[in-house]
Amino acid sequence: MTSVRERLRRWWRPNPGLPPNAAPFSYRVFWTREVRSWAPERRRGIQKSVQEAMASPTFVANELGRRYRIEALDGIAHSGASLTALSQVLAAFENLPEESGGVGHG
């Protein structure tokens, strides 16, 4: 049980740290589910397109603003953080044997 003194201390001096942002994790979970069903050739092609977009000097890994369109992917605008997460997921899938690919698991 928390003492009254400890409660007052917490109330008067709240933790100054910001809570962690769940967006990058959520994007990685979403893209992992999507990428699992893609053929290795598609993964490589989309990774190339995403890398080109990320190499742009105007690229910002923003979390919510959908500024970047990857036509090879789906033609829909995505946020920079979403594309960064997609790139990370695609890089992780590159290390898998082609026959495992994730299809049919889970």
# chains A, B, ... in the order shown; residues from 1 in each chain; ligands from 1

call {"tool": "residues_around", "arguments": {"residues": "Gln47 (chain A)", "least_positions_apart": "4", "cutoff": "7 Å", "atoms": "only C-alpha atoms", "output": "NGL selection string"}}
result
:A and (43 or 51 or 87 or 90)

call {"tool": "write_last_selection", "arguments": {"atoms": "N, CA, C and O atoms", "output": "PDB file, in the first residue's frame"}}
result
ATOM      1  N   ARG A  43       8.775  -8.046 -51.863  1.00  0.00           N
ATOM      2  CA  ARG A  43       9.433  -7.437 -50.709  1.00  0.00           C
ATOM      3  C   ARG A  43      10.659  -6.638 -51.132  1.00  0.00           C
ATOM      4  O   ARG A  43      10.866  -5.514 -50.688  1.00  0.00           O
ATOM      5  N   GLN A  51      13.268   2.731 -49.655  1.00  0.00           N
ATOM      6  CA  GLN A  51      14.598   3.288 -49.427  1.00  0.00           C
ATOM      7  C   GLN A  51      14.821   4.556 -50.244  1.00  0.00           C
ATOM      8  O   GLN A  51      15.419   5.520 -49.770  1.00  0.00           O
ATOM      9  N   SER A  87      10.381  -0.434 -43.679  1.00  0.00           N
ATOM     10  CA  SER A  87      11.750  -0.724 -44.083  1.00  0.00           C
ATOM     11  C   SER A  87      12.424  -1.670 -43.088  1.00  0.00           C
ATOM     12  O   SER A  87      13.123  -2.612 -43.479  1.00  0.00           O
ATOM     13  N   LEU A  90      10.913  -5.159 -43.578  1.00  0.00           N
ATOM     14  CA  LEU A  90      11.417  -5.771 -44.803  1.00  0.00           C
ATOM     15  C   LEU A  90      12.860  -6.227 -44.637  1.00  0.00           C
ATOM     16  O   LEU A  90      13.245  -7.290 -45.135  1.00  0.00           O
TER      17      LEU A  90
END

call {"tool": "residues_around", "arguments": {"residues": "Ser26 (chain A)", "least_positions_apart": "3", "cutoff": "12 Å", "atoms": "only C-alpha atoms", "output": "JSON, numbers by chain"}}
result
{"A": [21, 22, 23, 29, 30, 31, 32, 33, 63, 81, 82, 85, 86, 89]}

call {"tool": "residues_around", "arguments": {"residues": "Arg67 (chain A)", "least_positions_apart": "6", "cutoff": "10 Å", "atoms": "only C-alpha atoms", "output": "PyMOL selection string"}}
result
chain A and resi 59-61+76-80

call {"tool": "select_by_dssp", "arguments": {"residues": "region 25-99 of chain A", "states": "strand (DSSP E or B)", "output": "list in words"}}
result
Tyr68, Arg69, Ala77 and His78 of chain A

call {"tool": "write_last_selection", "arguments": {"atoms": "N, CA, C and O atoms", "output": "mmCIF file, in the first residue's frame"}}
result
data_model
loop_
_atom_site.group_PDB
_atom_site.id
_atom_site.type_symbol
_atom_site.label_atom_id
_atom_site.label_comp_id
_atom_site.auth_asym_id
_atom_site.auth_seq_id
_atom_site.Cartn_x
_atom_site.Cartn_y
_atom_site.Cartn_z
ATOM 1 N N TYR A 68 3.861 10.585 -47.857
ATOM 2 C CA TYR A 68 4.676 9.830 -48.809
ATOM 3 C C TYR A 68 3.874 8.716 -49.471
ATOM 4 O O TYR A 68 3.273 7.889 -48.811
ATOM 5 N N ARG A 69 3.897 8.737 -50.792
ATOM 6 C CA ARG A 69 3.191 7.740 -51.586
ATOM 7 C C ARG A 69 4.207 6.799 -52.233
ATOM 8 O O ARG A 69 5.133 7.240 -52.888
ATOM 9 N N ALA A 77 -1.034 7.322 -49.416
ATOM 10 C CA ALA A 77 -0.035 8.099 -48.685
ATOM 11 C C ALA A 77 0.207 7.488 -47.299
ATOM 12 O O ALA A 77 -0.727 7.053 -46.635
ATOM 13 N N HIS A 78 1.476 7.463 -46.896
ATOM 14 C CA HIS A 78 1.876 6.918 -45.600
ATOM 15 C C HIS A 78 2.713 7.943 -44.850
ATOM 16 O O HIS A 78 3.343 8.803 -45.460
#

call {"tool": "closest_residue", "arguments": {"among": "A:Ala55, A:Leu83, A:Ala72, A:Val4", "to": "Glu41 (chain A)", "atoms": "only C-alpha atoms"}}
result
A:Ala72

call {"tool": "atom_distance", "arguments": {"atom1": "CA of Leu73 (chain A)", "atom2": "CA of Ile46 (chain A)"}}
result
6.1 Å
